[in-house]
file upload-v9.txt (compact mmCIF, C-alpha atoms and all ligand atoms)
# COMPACT_ATOMS: atom_id res chain seq x y z
CA MET A 1 0.64 -40.78 10.84
CA THR A 2 -0.12 -37.11 10.54
CA ASN A 3 2.64 -34.72 11.54
CA GLN A 4 0.90 -32.33 13.94
CA THR A 5 2.98 -29.38 12.83
CA THR A 6 2.09 -29.87 9.18
CA VAL A 7 -1.27 -28.76 7.76
CA HIS A 8 -2.76 -30.38 4.66
CA LEU A 9 -5.12 -28.44 2.44
CA THR A 10 -5.94 -27.76 -1.18
CA ILE A 11 -5.57 -24.46 -2.98
CA ASP A 12 -7.28 -24.30 -6.37
CA ASN A 13 -7.49 -28.12 -6.14
CA LEU A 14 -3.72 -28.47 -5.68
CA PRO A 15 -2.59 -30.37 -2.56
CA VAL A 16 -0.46 -28.23 -0.26
CA HIS A 17 1.45 -29.19 2.89
CA VAL A 18 2.76 -26.37 5.03
CA PRO A 19 3.67 -25.76 8.67
CA ALA A 20 0.82 -24.78 10.97
CA GLY A 21 0.54 -21.01 11.23
CA THR A 22 1.38 -20.39 7.58
CA THR A 23 -0.87 -17.81 5.93
CA ILE A 24 -2.94 -18.78 2.90
CA LEU A 25 -0.93 -16.22 0.92
CA LYS A 26 2.38 -17.93 1.69
CA ALA A 27 0.93 -21.42 1.23
CA ALA A 28 -0.36 -20.42 -2.21
CA GLN A 29 3.02 -18.98 -3.17
CA GLN A 30 4.58 -22.31 -2.28
CA VAL A 31 2.64 -24.02 -5.08
CA GLY A 32 3.13 -21.17 -7.54
CA ILE A 33 -0.23 -19.44 -7.05
CA GLU A 34 0.09 -15.67 -6.80
CA ILE A 35 -2.61 -13.85 -4.88
CA PRO A 36 -2.68 -10.07 -5.46
CA THR A 37 -1.80 -7.80 -2.53
CA ILE A 38 -1.75 -4.05 -1.93
CA CYS A 39 -1.43 -3.32 1.78
CA TYR A 40 0.66 -6.41 2.46
CA HIS A 41 4.46 -6.07 2.45
CA ASP A 42 6.87 -8.86 3.34
CA TYR A 43 8.62 -6.67 5.92
CA CYS A 44 5.54 -5.07 7.46
CA THR A 45 2.99 -6.47 9.88
CA ALA A 46 -0.03 -7.64 7.86
CA ASN A 47 -3.16 -5.72 8.81
CA ALA A 48 -5.63 -6.91 6.16
CA LEU A 49 -6.72 -3.39 5.31
CA CYS A 50 -7.19 -3.41 1.54
CA ARG A 51 -8.90 -6.82 1.12
CA ILE A 52 -7.61 -7.29 -2.44
CA CYS A 53 -6.16 -10.67 -1.37
CA VAL A 54 -9.51 -12.23 -0.40
CA VAL A 55 -10.07 -15.89 -1.22
CA GLU A 56 -13.00 -18.26 -0.90
CA VAL A 57 -12.76 -21.01 1.70
CA LYS A 58 -15.24 -23.86 1.38
CA GLY A 59 -17.77 -23.66 4.22
CA ALA A 60 -16.89 -20.10 5.21
CA ARG A 61 -19.66 -17.51 4.91
CA LEU A 62 -17.33 -14.61 4.14
CA LEU A 63 -14.31 -14.24 1.87
CA VAL A 64 -11.13 -14.26 3.93
CA PRO A 65 -7.96 -12.16 3.53
CA ALA A 66 -5.16 -14.50 2.48
CA CYS A 67 -2.45 -12.26 3.93
CA THR A 68 -3.59 -12.81 7.52
CA ALA A 69 -5.78 -15.96 7.51
CA THR A 70 -3.79 -19.05 8.41
CA VAL A 71 -4.20 -22.50 6.91
CA GLN A 72 -6.36 -25.12 8.62
CA GLU A 73 -6.35 -28.88 8.24
CA ASN A 74 -8.40 -30.04 5.20
CA MET A 75 -9.17 -26.47 4.17
CA GLN A 76 -10.30 -26.05 0.55
CA VAL A 77 -9.29 -22.67 -0.83
CA ASN A 78 -10.33 -21.16 -4.13
CA THR A 79 -8.29 -18.11 -5.13
CA ARG A 80 -9.98 -17.35 -8.46
CA SER A 81 -13.70 -18.10 -8.04
CA GLU A 82 -16.22 -15.77 -9.65
CA ARG A 83 -17.07 -14.34 -6.23
CA VAL A 84 -13.39 -13.66 -5.48
CA GLU A 85 -12.79 -12.00 -8.84
CA ARG A 86 -15.89 -9.83 -8.48
CA ALA A 87 -14.79 -8.72 -5.01
CA ARG A 88 -11.29 -7.80 -6.20
CA ARG A 89 -12.64 -6.00 -9.25
CA THR A 90 -15.03 -3.95 -7.11
CA ILE A 91 -12.28 -3.01 -4.62
CA LEU A 92 -10.12 -1.80 -7.50
CA GLU A 93 -13.02 0.11 -9.05
CA MET A 94 -13.66 1.87 -5.75
CA LEU A 95 -9.98 2.78 -5.49
CA TYR A 96 -10.01 4.21 -9.00
CA ALA A 97 -13.08 6.25 -8.07
CA THR A 98 -11.27 8.13 -5.31
CA VAL A 99 -7.49 7.84 -5.67
CA ASP A 100 -5.00 8.95 -8.33
CA LEU A 101 -3.38 5.63 -9.28
CA SER A 102 -1.37 7.00 -12.18
CA GLU A 103 1.91 6.09 -10.46
CA ALA A 104 0.90 2.71 -9.07
CA PRO A 105 2.04 0.24 -11.76
CA GLU A 106 1.28 -2.87 -9.71
CA ILE A 107 -2.29 -1.78 -9.10
CA GLU A 108 -2.60 -0.77 -12.73
CA ALA A 109 -1.53 -4.29 -13.76
CA MET A 110 -4.14 -5.77 -11.42
CA ALA A 111 -6.81 -3.54 -12.89
CA THR A 112 -6.01 -4.80 -16.37
CA ALA A 113 -5.92 -8.42 -15.22
CA TYR A 114 -9.31 -8.16 -13.52
CA GLY A 115 -11.05 -6.22 -16.29
CA VAL A 116 -11.65 -3.20 -14.09
CA ASP A 117 -13.99 -0.44 -15.27
CA ARG A 118 -12.06 2.63 -14.04
CA GLN A 119 -15.14 4.80 -14.57
CA ARG A 120 -17.61 2.51 -12.85
CA PHE A 121 -18.50 5.10 -10.20
CA PRO A 122 -18.60 8.38 -12.17
CA LEU A 123 -20.38 10.26 -9.38
CA ALA A 124 -17.74 9.40 -6.79
CA GLU A 125 -15.64 12.30 -5.50
CA PRO A 126 -11.90 11.72 -5.93
CA ARG A 127 -9.83 13.02 -3.05
CA HIS A 128 -7.59 15.96 -3.99
CA PRO A 129 -5.62 17.01 -0.91
CA PRO A 130 -2.84 19.44 -1.84
CA LEU A 131 0.68 18.10 -2.30
CA ILE A 132 2.75 18.66 0.85
CA ASP A 133 6.31 19.91 0.26
CA ASP A 134 7.55 20.81 3.71
CA ASN A 135 11.03 19.29 3.94
CA PRO A 136 14.15 18.76 1.79
CA MET A 137 13.87 14.95 1.63
CA TYR A 138 10.48 13.92 0.26
CA ILE A 139 7.10 15.16 -0.86
CA ARG A 140 3.72 13.80 0.22
CA ASP A 141 0.95 13.62 -2.37
CA TYR A 142 -1.95 12.05 -0.53
CA ALA A 143 -4.20 12.25 -3.59
CA LYS A 144 -2.28 9.08 -4.53
CA CYS A 145 -2.58 7.41 -1.12
CA VAL A 146 -4.52 4.15 -0.79
CA LEU A 147 -4.20 4.15 3.02
CA CYS A 148 -2.30 0.89 3.02
CA TRP A 149 -0.66 1.82 6.37
CA ARG A 150 2.77 0.56 5.29
CA CYS A 151 4.47 3.94 5.86
CA VAL A 152 2.96 4.23 9.33
CA GLN A 153 4.14 0.75 10.24
CA VAL A 154 7.75 1.18 9.10
CA CYS A 155 7.84 4.48 10.93
CA ALA A 156 6.67 2.63 14.06
CA GLU A 157 7.37 -0.89 15.34
CA ASP A 158 8.11 -2.53 11.99
CA ALA A 159 11.38 -0.65 11.54
CA GLN A 160 12.18 2.81 12.81
CA TYR A 161 10.37 3.27 16.15
CA THR A 162 9.96 6.94 15.32
CA TYR A 163 6.15 7.33 15.33
CA ALA A 164 6.18 10.48 13.22
CA ILE A 165 2.99 9.67 11.29
CA ASN A 166 -0.44 8.13 11.81
CA PHE A 167 -3.98 8.35 10.46
CA LYS A 168 -6.02 11.50 10.87
CA GLY A 169 -9.72 11.95 10.15
CA ARG A 170 -12.42 9.34 9.67
CA GLY A 171 -14.05 7.62 6.69
CA TYR A 172 -13.71 9.60 3.47
CA GLU A 173 -11.61 12.22 5.29
CA THR A 174 -9.03 9.69 6.50
CA GLN A 175 -5.47 10.64 5.61
CA ILE A 176 -1.94 9.95 6.78
CA SER A 177 -0.56 12.86 8.76
CA THR A 178 1.92 13.90 11.40
CA PHE A 179 0.63 14.21 14.94
CA TYR A 180 -1.21 17.53 15.30
CA GLU A 181 -0.49 17.98 11.55
CA VAL A 182 2.81 19.73 12.27
CA PRO A 183 5.21 20.14 9.31
CA MET A 184 7.47 17.11 8.97
CA PRO A 185 10.63 18.90 10.23
CA GLU A 186 8.76 19.71 13.46
CA SER A 187 7.69 16.09 13.93
CA THR A 188 9.79 13.21 15.27
CA CYS A 189 10.69 12.22 11.67
CA VAL A 190 14.39 11.39 11.25
CA PHE A 191 14.15 11.34 7.41
CA CYS A 192 15.26 7.74 7.13
CA GLY A 193 13.29 7.37 3.88
CA GLN A 194 11.83 3.98 4.78
CA CYS A 195 8.26 5.22 4.36
CA VAL A 196 9.09 6.31 0.80
CA GLY A 197 10.61 2.89 0.14
CA VAL A 198 7.46 0.96 1.05
CA CYS A 199 4.86 3.28 -0.51
CA PRO A 200 3.22 1.41 -3.42
CA THR A 201 1.58 4.35 -5.17
CA GLY A 202 4.01 7.26 -5.45
CA ALA A 203 2.19 9.14 -2.71
CA LEU A 204 5.56 9.46 -0.99
CA LYS A 205 8.43 10.38 -3.26
CA PHE A 206 11.98 11.57 -2.80
CA LYS A 207 12.17 15.30 -3.44
CA ARG A 208 14.92 15.04 -6.02
CA GLN A 209 12.93 12.52 -8.06
CA HIS A 210 9.87 14.77 -7.85
CA LEU A 211 11.82 17.83 -8.97
CA LEU A 212 13.34 15.91 -11.88
CA GLU A 213 9.85 14.83 -12.97
CA VAL A 214 8.52 18.39 -12.92
CA GLY A 215 11.34 19.67 -15.10
CA TYR A 216 14.26 20.90 -13.01
CA SER A 217 17.83 20.11 -14.04
CA LEU A 218 20.14 18.11 -11.80
CA ASP A 219 22.23 21.19 -11.05
CA GLU A 220 19.15 23.20 -10.08
CA ILE A 221 17.91 20.36 -7.89
CA LEU A 222 21.21 19.93 -6.07
CA GLN A 223 21.37 23.64 -5.45
CA MET A 224 17.80 23.78 -4.19
CA THR A 225 17.86 20.75 -1.94
CA ARG A 226 21.26 21.58 -0.47
CA SER A 227 20.12 25.14 0.14
CA GLU A 228 16.92 23.89 1.78
CA ARG A 229 18.85 21.58 4.05
CA SER A 230 21.19 24.29 5.15
CA GLY A 231 18.26 26.69 5.47
CA ARG A 232 20.28 29.42 3.75
CA ARG A 233 18.21 29.86 0.57
CA ARG A 234 14.70 29.02 -0.45
CA ARG A 235 13.50 27.75 -3.83
CA GLU A 236 11.64 30.24 -6.00
CA PRO A 237 8.22 29.05 -7.25
CA ARG A 238 8.39 27.94 -10.87
CA ASN A 239 5.61 27.20 -13.36
CA VAL A 240 6.31 23.94 -15.14
S1 LIG B 301 1.40 7.25 1.82
FE1 LIG B 301 1.89 5.38 0.60
S2 LIG B 301 2.62 3.89 2.12
FE2 LIG B 301 1.55 5.50 3.26
S3 LIG B 301 -0.55 4.74 3.50
FE3 LIG B 301 -0.50 6.04 1.65
S4 LIG B 301 -0.12 4.62 -0.06
FE4 LIG B 301 0.41 3.51 1.84
S1 LIG B 302 -3.12 -7.57 0.93
FE1 LIG B 302 -4.37 -8.71 2.26
S2 LIG B 302 -5.80 -7.27 2.94
FE2 LIG B 302 -4.40 -6.07 1.76

call {"tool": "encode", "arguments": {"input": "upload-v9.txt", "output": "structure tokens", "more": "lines below"}}
Ligand code: SF4
Ligand code: FES
result
Amino acid sequence: MTNQTTVHLTIDNLPVHVPAGTTILKAAQQVGIEIPTICYHDYCTANALCRICVVEVKGARLLVPACTATVQENMQVNTRSERVERARRTILEMLYATVDLSEAPEIEAMATAYGVDRQRFPLAEPRHPPLIDDNPMYIRDYAKCVLCWRCVQVCAEDAQYTYAINFKGRGYETQISTFYEVPMPESTCVFCGQCVGVCPTGALKFKRQHLLEVGYSLDEILQMTRSERSGRRRREPRNV
């Protein structure tokens, strides 16, 4: 007799039995099949924004995002079909065409695994918004942002309930920003650092790490960041 709360399906021809409501991503993990993810984070609400996790489901017209699609009885899932691999490769190639992924090691590993041509769209215009350094805690370099939405979610209902950031703009101009684009200290941000913790690309980075990377000594950094916090002294510009 079939247990009504258990769903039976196959993933890459392997039989899988999981509770109803399980996502394809989690069901696949249960049998040792890793599906790549970018926007998904175990502690954030899945929004299926990046589509890197798409899989092929027999009988379905479109590829489905494994991070949000739930298992169905007798479903047949293929996580590595030619169509799936082509879709993932193209998504990565489009990301490389517009975003600086030099500090996104997980995406870099995916690109290698999927044989990505990082120059596939040479006429694309990479986004180069200026680095924002407006507070003593962290910098924002949205040239590295893949718009995964994780930072917005942890700032909102997924963790902090602070609502300091959201999307601004549309299409190519879309970017994460504070409301009315006010500097971070004038927003509702409480500098909890959770957004930095979930950012997968280095777009958000703790200030001290950033200053170390651009050549300041620990002593200089401590002096600068403490001074900035107290508001007593400001850092002099330095060419490094
Ligand atoms: S800043 Fe980071 S966490 Fe936020 S949307 Fe961009 S890549 Fe994602
Ligand atoms: S990881 Fe599923 S859509 Fe981004």

call {"tool": "residues_near_ligand", "arguments": {"input": "upload-v9.txt", "ligand": "ligand LIG 302 (chain B)", "cutoff": "9 Å", "atoms": "only C-alpha atoms and all ligand atoms", "output": "list in words"}}
result
Leu25, Ile35, Pro36, Thr37, Ile38, Cys39, Tyr40, His41, Ala46, Asn47, Ala48, Leu49, Cys50, Arg51, Ile52, Cys53, Val54, Val64, Pro65, Ala66, Cys67, Thr68 and Cys148 of chain A

call {"tool": "residues_near_point", "arguments": {"input": "upload-v9.txt", "point": "(-11.1, 3.8, -8.6)", "cutoff": "9 Å", "atoms": "all atoms listed in the file", "output": "count of residues only"}}
result
20

call {"tool": "residues_near_ligand", "arguments": {"input": "upload-v9.txt", "ligand": "ligand LIG 301 (chain B)", "cutoff": "6 Å", "atoms": "only C-alpha atoms and all ligand atoms", "output": "PyMOL selection string"}}
result
chain A and resi 145-151+198-201+203-204

call {"tool": "closest_residue", "arguments": {"input": "upload-v9.txt", "among": "A:Ala164, A:Val57, A:Ala27, A:Ile139", "to": "Leu211 in chain A", "atoms": "all atoms listed in the file"}}
result
A:Ile139

call {"tool": "closest_residue", "arguments": {"input": "upload-v9.txt", "among": "A:Asp134, A:Glu56, A:Glu82, A:Asp219", "to": "Glu181 in chain A", "atoms": "only C-alpha atoms"}}
result
A:Asp134

call {"tool": "residues_around", "arguments": {"input": "upload-v9.txt", "residues": "Asp141 in chain A", "least_positions_apart": "2", "cutoff": "6 Å", "atoms": "only C-alpha atoms", "output": "ChimeraX atom specification"}}
result
/A:131,143-144,203

call {"tool": "atom_distance", "arguments": {"input": "upload-v9.txt", "atom1": "CA of Glu157 in chain A", "atom2": "CA of Ala20 in chain A"}}
result
25.2 Å

call {"tool": "closest_residue", "arguments": {"input": "upload-v9.txt", "among": "A:Asn135, A:Asn74, A:Gln153, A:Gln30", "to": "Thr225 in chain A", "atoms": "all atoms listed in the file"}}
result
A:Asn135

call {"tool": "atom_distance", "arguments": {"input": "upload-v9.txt", "atom1": "CA of Val190 in chain A", "atom2": "CA of Ile221 in chain A"}}
result
21.4 Å

call {"tool": "atom_distance", "arguments": {"input": "upload-v9.txt", "atom1": "CA of Gly197 in chain A", "atom2": "CA of Pro130 in chain A"}}
result
21.4 Å

call {"tool": "closest_residue", "arguments": {"input": "upload-v9.txt", "among": "A:Asp12, A:Glu85, A:Glu103, A:Glu108", "to": "Leu63 in chain A", "atoms": "all atoms listed in the file"}}
result
A:Glu85

call {"tool": "build_atoms", "arguments": {"input": "upload-v9.txt", "residues": "range 152-179 of chain A", "atoms": "N, CA and C atoms", "output": "PDB file, in the frame of the given file"}}
result
ATOM      1  N   VAL A 152       3.146   4.049   7.889  1.00  0.00           N
ATOM      2  CA  VAL A 152       2.960   4.230   9.330  1.00  0.00           C
ATOM      3  C   VAL A 152       3.654   3.108  10.086  1.00  0.00           C
ATOM      4  N   GLN A 153       3.546   1.901   9.544  1.00  0.00           N
ATOM      5  CA  GLN A 153       4.140   0.750  10.240  1.00  0.00           C
ATOM      6  C   GLN A 153       5.671   0.787  10.229  1.00  0.00           C
ATOM      7  N   VAL A 154       6.278   1.143   9.090  1.00  0.00           N
ATOM      8  CA  VAL A 154       7.750   1.180   9.100  1.00  0.00           C
ATOM      9  C   VAL A 154       8.252   2.332   9.951  1.00  0.00           C
ATOM     10  N   CYS A 155       7.458   3.370  10.067  1.00  0.00           N
ATOM     11  CA  CYS A 155       7.840   4.480  10.930  1.00  0.00           C
ATOM     12  C   CYS A 155       7.713   4.094  12.403  1.00  0.00           C
ATOM     13  N   ALA A 156       6.889   3.074  12.681  1.00  0.00           N
ATOM     14  CA  ALA A 156       6.670   2.630  14.060  1.00  0.00           C
ATOM     15  C   ALA A 156       7.405   1.309  14.312  1.00  0.00           C
ATOM     16  N   GLU A 157       6.697   0.327  14.850  1.00  0.00           N
ATOM     17  CA  GLU A 157       7.370  -0.890  15.340  1.00  0.00           C
ATOM     18  C   GLU A 157       7.977  -1.776  14.257  1.00  0.00           C
ATOM     19  N   ASP A 158       7.568  -1.632  13.005  1.00  0.00           N
ATOM     20  CA  ASP A 158       8.110  -2.530  11.990  1.00  0.00           C
ATOM     21  C   ASP A 158       9.548  -2.185  11.604  1.00  0.00           C
ATOM     22  N   ALA A 159      10.002  -0.994  11.916  1.00  0.00           N
ATOM     23  CA  ALA A 159      11.380  -0.650  11.540  1.00  0.00           C
ATOM     24  C   ALA A 159      11.981   0.444  12.417  1.00  0.00           C
ATOM     25  N   GLN A 160      11.421   1.637  12.340  1.00  0.00           N
ATOM     26  CA  GLN A 160      12.180   2.810  12.810  1.00  0.00           C
ATOM     27  C   GLN A 160      11.902   3.243  14.240  1.00  0.00           C
ATOM     28  N   TYR A 161      10.754   2.872  14.786  1.00  0.00           N
ATOM     29  CA  TYR A 161      10.370   3.270  16.150  1.00  0.00           C
ATOM     30  C   TYR A 161      10.401   4.792  16.321  1.00  0.00           C
ATOM     31  N   THR A 162       9.926   5.480  15.289  1.00  0.00           N
ATOM     32  CA  THR A 162       9.960   6.940  15.320  1.00  0.00           C
ATOM     33  C   THR A 162       8.576   7.551  15.569  1.00  0.00           C
ATOM     34  N   TYR A 163       7.544   6.907  15.070  1.00  0.00           N
ATOM     35  CA  TYR A 163       6.150   7.330  15.330  1.00  0.00           C
ATOM     36  C   TYR A 163       5.883   8.762  14.876  1.00  0.00           C
ATOM     37  N   ALA A 164       6.407   9.121  13.697  1.00  0.00           N
ATOM     38  CA  ALA A 164       6.180  10.480  13.220  1.00  0.00           C
ATOM     39  C   ALA A 164       4.809  10.646  12.560  1.00  0.00           C
ATOM     40  N   ILE A 165       4.236   9.554  12.057  1.00  0.00           N
ATOM     41  CA  ILE A 165       2.990   9.670  11.290  1.00  0.00           C
ATOM     42  C   ILE A 165       1.938   8.674  11.785  1.00  0.00           C
ATOM     43  N   ASN A 166       0.682   8.991  11.445  1.00  0.00           N
ATOM     44  CA  ASN A 166      -0.440   8.130  11.810  1.00  0.00           C
ATOM     45  C   ASN A 166      -1.631   8.558  10.954  1.00  0.00           C
ATOM     46  N   PHE A 167      -2.772   7.906  11.142  1.00  0.00           N
ATOM     47  CA  PHE A 167      -3.980   8.350  10.460  1.00  0.00           C
ATOM     48  C   PHE A 167      -4.514   9.620  11.106  1.00  0.00           C
ATOM     49  N   LYS A 168      -5.185  10.451  10.303  1.00  0.00           N
ATOM     50  CA  LYS A 168      -6.020  11.500  10.870  1.00  0.00           C
ATOM     51  C   LYS A 168      -7.366  11.428  10.143  1.00  0.00           C
ATOM     52  N   GLY A 169      -8.400  11.933  10.756  1.00  0.00           N
ATOM     53  CA  GLY A 169      -9.720  11.950  10.150  1.00  0.00           C
ATOM     54  C   GLY A 169     -10.400  10.594  10.189  1.00  0.00           C
ATOM     55  N   ARG A 170     -11.620  10.561   9.666  1.00  0.00           N
ATOM     56  CA  ARG A 170     -12.420   9.340   9.670  1.00  0.00           C
ATOM     57  C   ARG A 170     -13.073   9.149   8.296  1.00  0.00           C
ATOM     58  N   GLY A 171     -13.327   7.916   7.931  1.00  0.00           N
ATOM     59  CA  GLY A 171     -14.050   7.620   6.690  1.00  0.00           C
ATOM     60  C   GLY A 171     -13.399   8.260   5.485  1.00  0.00           C
ATOM     61  N   TYR A 172     -14.199   8.961   4.691  1.00  0.00           N
ATOM     62  CA  TYR A 172     -13.710   9.600   3.470  1.00  0.00           C
ATOM     63  C   TYR A 172     -12.583  10.592   3.758  1.00  0.00           C
ATOM     64  N   GLU A 173     -12.606  11.196   4.930  1.00  0.00           N
ATOM     65  CA  GLU A 173     -11.610  12.220   5.290  1.00  0.00           C
ATOM     66  C   GLU A 173     -10.312  11.620   5.830  1.00  0.00           C
ATOM     67  N   THR A 174     -10.237  10.309   5.923  1.00  0.00           N
ATOM     68  CA  THR A 174      -9.030   9.690   6.500  1.00  0.00           C
ATOM     69  C   THR A 174      -7.811  10.011   5.656  1.00  0.00           C
ATOM     70  N   GLN A 175      -6.717  10.339   6.315  1.00  0.00           N
ATOM     71  CA  GLN A 175      -5.470  10.640   5.610  1.00  0.00           C
ATOM     72  C   GLN A 175      -4.296  10.372   6.553  1.00  0.00           C
ATOM     73  N   ILE A 176      -3.150  10.085   5.965  1.00  0.00           N
ATOM     74  CA  ILE A 176      -1.940   9.950   6.780  1.00  0.00           C
ATOM     75  C   ILE A 176      -1.450  11.360   7.114  1.00  0.00           C
ATOM     76  N   SER A 177      -0.992  11.531   8.338  1.00  0.00           N
ATOM     77  CA  SER A 177      -0.560  12.860   8.760  1.00  0.00           C
ATOM     78  C   SER A 177       0.445  12.743   9.899  1.00  0.00           C
ATOM     79  N   THR A 178       1.118  13.839  10.176  1.00  0.00           N
ATOM     80  CA  THR A 178       1.920  13.900  11.400  1.00  0.00           C
ATOM     81  C   THR A 178       0.970  14.143  12.571  1.00  0.00           C
ATOM     82  N   PHE A 179       1.455  13.905  13.769  1.00  0.00           N
ATOM     83  CA  PHE A 179       0.630  14.210  14.940  1.00  0.00           C
ATOM     84  C   PHE A 179       0.423  15.725  15.019  1.00  0.00           C
TER      85      PHE A 179
END
